[in-house]
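Data first, discussion second: the structure below is written as structure tokens.
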Amino acid sequence: MTTPGPRITALAGGIGGARFLRGLLTHLAAAYPDGAGSSTAEVTVIGNTGDDIWMHGVKVCPDLDTVMYTLGGGINEDQGWGRLDETYTVKAELAAYGAAPDWFGLGDRDLATHLVRTRMLTAGVPLSEVTARLCERWNPGVRLIPMSDQRVETHVLVDDPTGALTDDGSPVHTAIHFQEWWVRYRASLPAHGFVLMGLDEARPAPGVLESIRDADIVVLPPSNPVVSIGTILSVPGIREAMRSTSAPVVGLAPIIATAPVRGMADACLAAIGVETSPTAVAAHYGARSSGGILDGWLIDTVDAESVDCTEALGITTVAVPLLMTDLPATAAMAAAALDLADRVKARP
Ligand code: GDP
Ligand code: CA
């Protein structure tokens, strides 16, 4: 006899999302075994595509690919993105032609994914279907859906990197693609804000709103609250679906003490005027009881003294270890998130 598992929907960026999801699948396989090494739970992942970029004639979807490769066993573990056993012959050859951009780590194996994707996209196949086809190879164990089939790209407002000044001597603001800011400049150019190009024309991809509405639990992994989760929530209709689902919505803090665990989320938070702390991120998401999207929030044990602050916002908060040091630790985080969802649900 197998126990039917829950339907879980997660919103995910790249590394933080993918690693958490791997722990979630491990926990589910133990808690709701299907007798064949997997689980009876159904996990749907809504992936961020705001980081997507066209370069050298191909469409690159870094966050979708990080989730797909991580769950499919093809990720470069040390790096957290890109393919295992990667080589960079094409990148070197492009550089020999002086072909820009030269700052993006376009690997040879990875390029095959982009070529297959681009060929389907140019034949008119929507990104959500293309992603499903790519996943047939990788069997990630989740249903991976891009947030939108339309092109939405995050751009960052920065002081012009050439040092150009306006007539009154203040720096000229320029919008550069998120990847250029993140990868080329390592988020070192102070950002004045983010612009989501194409957002007005974007709609949630097929299945996105339904997966939020019909879920038993909605989870926000410890992904970047601004340029991963924030971007997904900006697609018209998604925030409203999060607000109105009957499922409990629980999140995990990507910030421990006063710093992101990895990457430059602090630079993103600063750009939108949010302090780098687990409490400030929870306040930024807001409680569902007061117009926000969260019912429950997990913070790290080192931040235990701020449980009361988030509780005061109307968000049920629990402190547990939140470092994804290995798979068992990550599975324990996922178990804690599902326990918290049960607790929130049981509340009168
Ligand atoms: P990206 O698209 O590759 O940047 O990945 P995500 O947006 O999914 O996740 C990035 C976030 O994951 C960063 O803000 C990190 O602080 C967070 N993160 C990475 N590793 C850990 C971890 O072990 N624990 C927690 N709590 N957060 C983590
Ligand atoms: Ca990303």
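FYI, nothing fancy with the structure tokens labels: chains A, B, ... in order, residues from 1 per chain, ligands from 1 as they appear.
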TODO: Check every protein, DNA and RNA residue against ligand 1, keep those with an atom at most 7 Å away (counting only C-alpha atoms and all ligand atoms), and present them as a ChimeraX atom specification.
DONE: /A:12-18,63,222-224,227-228,252-256,260-265,322-325
Keeping only N, CA and C atoms, take the residues you just selected and write them out as an mmCIF file, in the first residue's frame.
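out_25.cif was written with the following content:
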```cif
data_model
loop_
_atom_site.group_PDB
_atom_site.id
_atom_site.type_symbol
_atom_site.label_atom_id
_atom_site.label_comp_id
_atom_site.auth_asym_id
_atom_site.auth_seq_id
_atom_site.Cartn_x
_atom_site.Cartn_y
_atom_site.Cartn_z
ATOM 1 N N ALA A 12 11.033 28.761 -8.301
ATOM 2 C CA ALA A 12 12.474 28.576 -8.129
ATOM 3 C C ALA A 12 13.330 29.407 -9.070
ATOM 4 N N GLY A 13 14.462 29.862 -8.531
ATOM 5 C CA GLY A 13 15.513 30.451 -9.350
ATOM 6 C C GLY A 13 16.472 29.345 -9.753
ATOM 7 N N GLY A 14 17.765 29.624 -9.677
ATOM 8 C CA GLY A 14 18.776 28.646 -10.086
ATOM 9 C C GLY A 14 19.290 27.812 -8.926
ATOM 10 N N ILE A 15 20.505 28.107 -8.488
ATOM 11 C CA ILE A 15 21.205 27.241 -7.534
ATOM 12 C C ILE A 15 20.430 26.990 -6.243
ATOM 13 N N GLY A 16 19.958 28.063 -5.592
ATOM 14 C CA GLY A 16 19.266 27.897 -4.308
ATOM 15 C C GLY A 16 18.002 27.070 -4.481
ATOM 16 N N GLY A 17 17.279 27.339 -5.556
ATOM 17 C CA GLY A 17 16.055 26.612 -5.830
ATOM 18 C C GLY A 17 16.343 25.149 -6.136
ATOM 19 N N ALA A 18 17.295 24.917 -7.025
ATOM 20 C CA ALA A 18 17.594 23.554 -7.487
ATOM 21 C C ALA A 18 18.090 22.668 -6.347
ATOM 22 N N ASP A 63 18.371 29.583 -15.294
ATOM 23 C CA ASP A 63 17.724 29.023 -14.104
ATOM 24 C C ASP A 63 16.992 27.711 -14.425
ATOM 25 N N PRO A 222 14.882 28.771 -0.840
ATOM 26 C CA PRO A 222 15.730 29.934 -0.506
ATOM 27 C C PRO A 222 16.347 30.556 -1.755
ATOM 28 N N SER A 223 15.519 30.887 -2.731
ATOM 29 C CA SER A 223 16.011 31.526 -3.961
ATOM 30 C C SER A 223 16.092 33.029 -3.745
ATOM 31 N N ASN A 224 16.762 33.688 -4.665
ATOM 32 C CA ASN A 224 16.926 35.151 -4.574
ATOM 33 C C ASN A 224 15.538 35.817 -4.547
ATOM 34 N N VAL A 227 15.533 38.869 -7.798
ATOM 35 C CA VAL A 227 15.666 38.559 -9.222
ATOM 36 C C VAL A 227 15.293 37.119 -9.580
ATOM 37 N N SER A 228 14.913 36.300 -8.585
ATOM 38 C CA SER A 228 14.354 34.975 -8.913
ATOM 39 C C SER A 228 12.873 34.952 -8.544
ATOM 40 N N LEU A 252 11.555 29.696 2.722
ATOM 41 C CA LEU A 252 12.805 29.489 3.459
ATOM 42 C C LEU A 252 13.714 30.682 3.205
ATOM 43 N N ALA A 253 14.306 31.198 4.275
ATOM 44 C CA ALA A 253 15.132 32.399 4.134
ATOM 45 C C ALA A 253 16.424 32.096 3.371
ATOM 46 N N PRO A 254 16.725 32.902 2.345
ATOM 47 C CA PRO A 254 17.993 32.749 1.634
ATOM 48 C C PRO A 254 19.123 33.509 2.341
ATOM 49 N N ILE A 255 18.730 34.258 3.358
ATOM 50 C CA ILE A 255 19.687 35.078 4.102
ATOM 51 C C ILE A 255 19.871 34.465 5.483
ATOM 52 N N ILE A 256 21.121 34.276 5.889
ATOM 53 C CA ILE A 256 21.401 33.798 7.236
ATOM 54 C C ILE A 256 22.223 34.890 7.924
ATOM 55 N N PRO A 260 23.732 36.798 2.272
ATOM 56 C CA PRO A 260 23.261 35.670 1.487
ATOM 57 C C PRO A 260 24.232 34.502 1.691
ATOM 58 N N VAL A 261 23.736 33.284 1.577
ATOM 59 C CA VAL A 261 24.622 32.138 1.757
ATOM 60 C C VAL A 261 25.593 32.037 0.589
ATOM 61 N N ARG A 262 25.126 32.405 -0.591
ATOM 62 C CA ARG A 262 26.042 32.462 -1.733
ATOM 63 C C ARG A 262 25.484 33.433 -2.748
ATOM 64 N N GLY A 263 26.366 34.017 -3.536
ATOM 65 C CA GLY A 263 25.905 34.981 -4.527
ATOM 66 C C GLY A 263 25.758 36.372 -3.942
ATOM 67 N N MET A 264 25.128 37.254 -4.698
ATOM 68 C CA MET A 264 25.120 38.678 -4.358
ATOM 69 C C MET A 264 23.698 39.188 -4.149
ATOM 70 N N ALA A 265 22.871 38.380 -3.476
ATOM 71 C CA ALA A 265 21.477 38.799 -3.242
ATOM 72 C C ALA A 265 21.425 40.096 -2.457
ATOM 73 N N LEU A 322 19.481 26.012 8.277
ATOM 74 C CA LEU A 322 19.114 26.277 6.874
ATOM 75 C C LEU A 322 20.296 26.228 5.918
ATOM 76 N N LEU A 323 21.383 25.574 6.311
ATOM 77 C CA LEU A 323 22.508 25.464 5.374
ATOM 78 C C LEU A 323 22.406 24.158 4.592
ATOM 79 N N MET A 324 22.379 24.273 3.271
ATOM 80 C CA MET A 324 22.260 23.076 2.425
ATOM 81 C C MET A 324 23.646 22.465 2.221
ATOM 82 N N THR A 325 24.246 22.023 3.316
ATOM 83 C CA THR A 325 25.620 21.516 3.256
ATOM 84 C C THR A 325 25.700 20.178 2.522
#
```
- [ ] Extract the full set of helix (DSSP H, G or I) residues from range 65-169 of chain A according to DSSP on the backbone, and format it as a PyMOL selection string.
- [x] chain A and resi 65-72+89-96+108-122+127-138
Tell me, counting only C-alpha atoms, for each residue of range 202-271 of chain A within 10 Å of range 124-137 of chain A, which pair of atoms is nearest and how far apart they are in Å to one decimal, in rows ordered by chain and increasing number, as CSV.
```
residue,atom,partner,partner_atom,distance
A:Ala205,CA,A:Ser128,CA,6.6
A:Pro206,CA,A:Ser128,CA,7.5
A:Gly207,CA,A:Ser128,CA,9.3
```
Considering only C-alpha atoms, give me a table of residues in range 58-174 of chain A that are at most 12 Å from range 181-195 of chain A, with the closest atom pair and distance in Å for each, as CSV.
```
residue,atom,partner,partner_atom,distance
A:Pro62,CA,A:Val183,CA,11.8
A:Pro101,CA,A:Arg184,CA,9.5
A:Asp102,CA,A:Arg184,CA,9.1
A:Trp103,CA,A:Arg184,CA,5.7
A:Phe104,CA,A:Val183,CA,6.8
A:Gly105,CA,A:Val183,CA,8.8
A:Leu106,CA,A:Val183,CA,11.8
A:Val152,CA,A:Val195,CA,9.7
A:Glu153,CA,A:Val195,CA,8.1
A:Thr154,CA,A:Val195,CA,5.8
A:His155,CA,A:Val195,CA,5.1
A:Val156,CA,A:Phe194,CA,4.6
A:Leu157,CA,A:His192,CA,5.3
A:Val158,CA,A:Ala191,CA,4.9
A:Asp159,CA,A:Leu189,CA,7.3
A:Asp160,CA,A:Leu189,CA,9.1
A:Pro161,CA,A:Leu189,CA,7.9
A:Thr162,CA,A:Leu189,CA,11.6
A:Gly163,CA,A:Leu189,CA,11.4
A:Pro171,CA,A:His192,CA,11.6
A:Val172,CA,A:His192,CA,11.5
A:His173,CA,A:His192,CA,8.4
A:Thr174,CA,A:His192,CA,9.8
```
Dump of N, CA and C atoms for the selected residues, as a PDB file, in the first residue's frame:
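Wrote out-v5.pdb, looks like this:
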```pdb
ATOM      1  N   PRO A  62      19.310  30.159 -17.976  1.00  0.00           N
ATOM      2  CA  PRO A  62      20.193  29.655 -16.922  1.00  0.00           C
ATOM      3  C   PRO A  62      19.466  28.997 -15.747  1.00  0.00           C
ATOM      4  N   PRO A 101      29.126  38.631 -26.585  1.00  0.00           N
ATOM      5  CA  PRO A 101      29.878  38.881 -25.357  1.00  0.00           C
ATOM      6  C   PRO A 101      30.884  37.762 -25.082  1.00  0.00           C
ATOM      7  N   ASP A 102      31.975  38.127 -24.413  1.00  0.00           N
ATOM      8  CA  ASP A 102      33.010  37.124 -24.122  1.00  0.00           C
ATOM      9  C   ASP A 102      33.049  36.803 -22.630  1.00  0.00           C
ATOM     10  N   TRP A 103      32.118  37.408 -21.850  1.00  0.00           N
ATOM     11  CA  TRP A 103      32.186  37.230 -20.391  1.00  0.00           C
ATOM     12  C   TRP A 103      31.260  36.147 -19.878  1.00  0.00           C
ATOM     13  N   PHE A 104      30.506  35.497 -20.769  1.00  0.00           N
ATOM     14  CA  PHE A 104      29.555  34.491 -20.309  1.00  0.00           C
ATOM     15  C   PHE A 104      30.139  33.089 -20.471  1.00  0.00           C
ATOM     16  N   GLY A 105      30.009  32.250 -19.437  1.00  0.00           N
ATOM     17  CA  GLY A 105      30.586  30.898 -19.457  1.00  0.00           C
ATOM     18  C   GLY A 105      29.773  29.921 -20.278  1.00  0.00           C
ATOM     19  N   LEU A 106      29.862  30.064 -21.601  1.00  0.00           N
ATOM     20  CA  LEU A 106      29.091  29.199 -22.490  1.00  0.00           C
ATOM     21  C   LEU A 106      29.893  27.920 -22.755  1.00  0.00           C
ATOM     22  N   VAL A 152      10.595  37.732 -21.098  1.00  0.00           N
ATOM     23  CA  VAL A 152      10.690  38.756 -20.051  1.00  0.00           C
ATOM     24  C   VAL A 152      12.146  38.752 -19.604  1.00  0.00           C
ATOM     25  N   GLU A 153      12.836  39.871 -19.724  1.00  0.00           N
ATOM     26  CA  GLU A 153      14.253  39.865 -19.339  1.00  0.00           C
ATOM     27  C   GLU A 153      14.544  40.959 -18.330  1.00  0.00           C
ATOM     28  N   THR A 154      15.205  40.559 -17.261  1.00  0.00           N
ATOM     29  CA  THR A 154      15.554  41.506 -16.213  1.00  0.00           C
ATOM     30  C   THR A 154      16.724  42.371 -16.667  1.00  0.00           C
ATOM     31  N   HIS A 155      16.541  43.683 -16.591  1.00  0.00           N
ATOM     32  CA  HIS A 155      17.637  44.625 -16.841  1.00  0.00           C
ATOM     33  C   HIS A 155      17.884  45.413 -15.558  1.00  0.00           C
ATOM     34  N   VAL A 156      19.097  45.882 -15.407  1.00  0.00           N
ATOM     35  CA  VAL A 156      19.500  46.541 -14.174  1.00  0.00           C
ATOM     36  C   VAL A 156      19.889  47.985 -14.497  1.00  0.00           C
ATOM     37  N   LEU A 157      19.340  48.911 -13.727  1.00  0.00           N
ATOM     38  CA  LEU A 157      19.698  50.324 -13.918  1.00  0.00           C
ATOM     39  C   LEU A 157      20.959  50.622 -13.132  1.00  0.00           C
ATOM     40  N   VAL A 158      22.013  51.010 -13.844  1.00  0.00           N
ATOM     41  CA  VAL A 158      23.305  51.298 -13.196  1.00  0.00           C
ATOM     42  C   VAL A 158      23.847  52.627 -13.708  1.00  0.00           C
ATOM     43  N   ASP A 159      24.848  53.154 -12.995  1.00  0.00           N
ATOM     44  CA  ASP A 159      25.579  54.301 -13.522  1.00  0.00           C
ATOM     45  C   ASP A 159      26.316  53.808 -14.760  1.00  0.00           C
ATOM     46  N   ASP A 160      26.265  54.587 -15.834  1.00  0.00           N
ATOM     47  CA  ASP A 160      26.890  54.149 -17.078  1.00  0.00           C
ATOM     48  C   ASP A 160      28.339  53.713 -16.837  1.00  0.00           C
ATOM     49  N   PRO A 161      28.673  52.439 -17.182  1.00  0.00           N
ATOM     50  CA  PRO A 161      30.024  51.929 -16.894  1.00  0.00           C
ATOM     51  C   PRO A 161      31.143  52.728 -17.586  1.00  0.00           C
ATOM     52  N   THR A 162      30.818  53.516 -18.623  1.00  0.00           N
ATOM     53  CA  THR A 162      31.866  54.321 -19.287  1.00  0.00           C
ATOM     54  C   THR A 162      32.159  55.591 -18.492  1.00  0.00           C
ATOM     55  N   GLY A 163      31.370  55.841 -17.427  1.00  0.00           N
ATOM     56  CA  GLY A 163      31.594  57.040 -16.623  1.00  0.00           C
ATOM     57  C   GLY A 163      30.911  58.279 -17.193  1.00  0.00           C
ATOM     58  N   PRO A 171      25.927  60.942 -12.727  1.00  0.00           N
ATOM     59  CA  PRO A 171      26.133  59.816 -13.652  1.00  0.00           C
ATOM     60  C   PRO A 171      24.890  59.527 -14.481  1.00  0.00           C
ATOM     61  N   VAL A 172      25.123  59.210 -15.748  1.00  0.00           N
ATOM     62  CA  VAL A 172      24.028  58.790 -16.625  1.00  0.00           C
ATOM     63  C   VAL A 172      23.602  57.385 -16.206  1.00  0.00           C
ATOM     64  N   HIS A 173      22.317  57.149 -16.061  1.00  0.00           N
ATOM     65  CA  HIS A 173      21.829  55.798 -15.749  1.00  0.00           C
ATOM     66  C   HIS A 173      21.595  55.026 -17.046  1.00  0.00           C
ATOM     67  N   THR A 174      22.084  53.789 -17.071  1.00  0.00           N
ATOM     68  CA  THR A 174      21.884  52.933 -18.237  1.00  0.00           C
ATOM     69  C   THR A 174      21.294  51.613 -17.759  1.00  0.00           C
TER      70      THR A 174
END
```
- [ ] Based on DSSP run over this structure's backbone, return all residues of range 6-174 of chain A in strand (DSSP E or B), as a ChimeraX atom specification.
- [x] /A:7-12,33,39,42-47,53-55,58-60,75,83,143-146,148,153-159,165,171,173-174
Open item on the list: Just checking: using only C-alpha atoms and all ligand atoms, which residue out of A:Val226, A:Leu196, A:Leu24, A:Ala287 ends up closest to ligand 2?
Closed with: A:Val226
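Distance annotation: of A:Leu115, A:Val43, A:Ala331, A:Ile229, the residue with the minimal separation from ligand 2 is A:Ile229; atom set is only C-alpha atoms and all ligand atoms.
Using only C-alpha atoms, the smallest distance between any of A:Gly107, A:Pro248, A:Pro221, A:Gly198 and Pro236 in chain A comes from A:Gly198.
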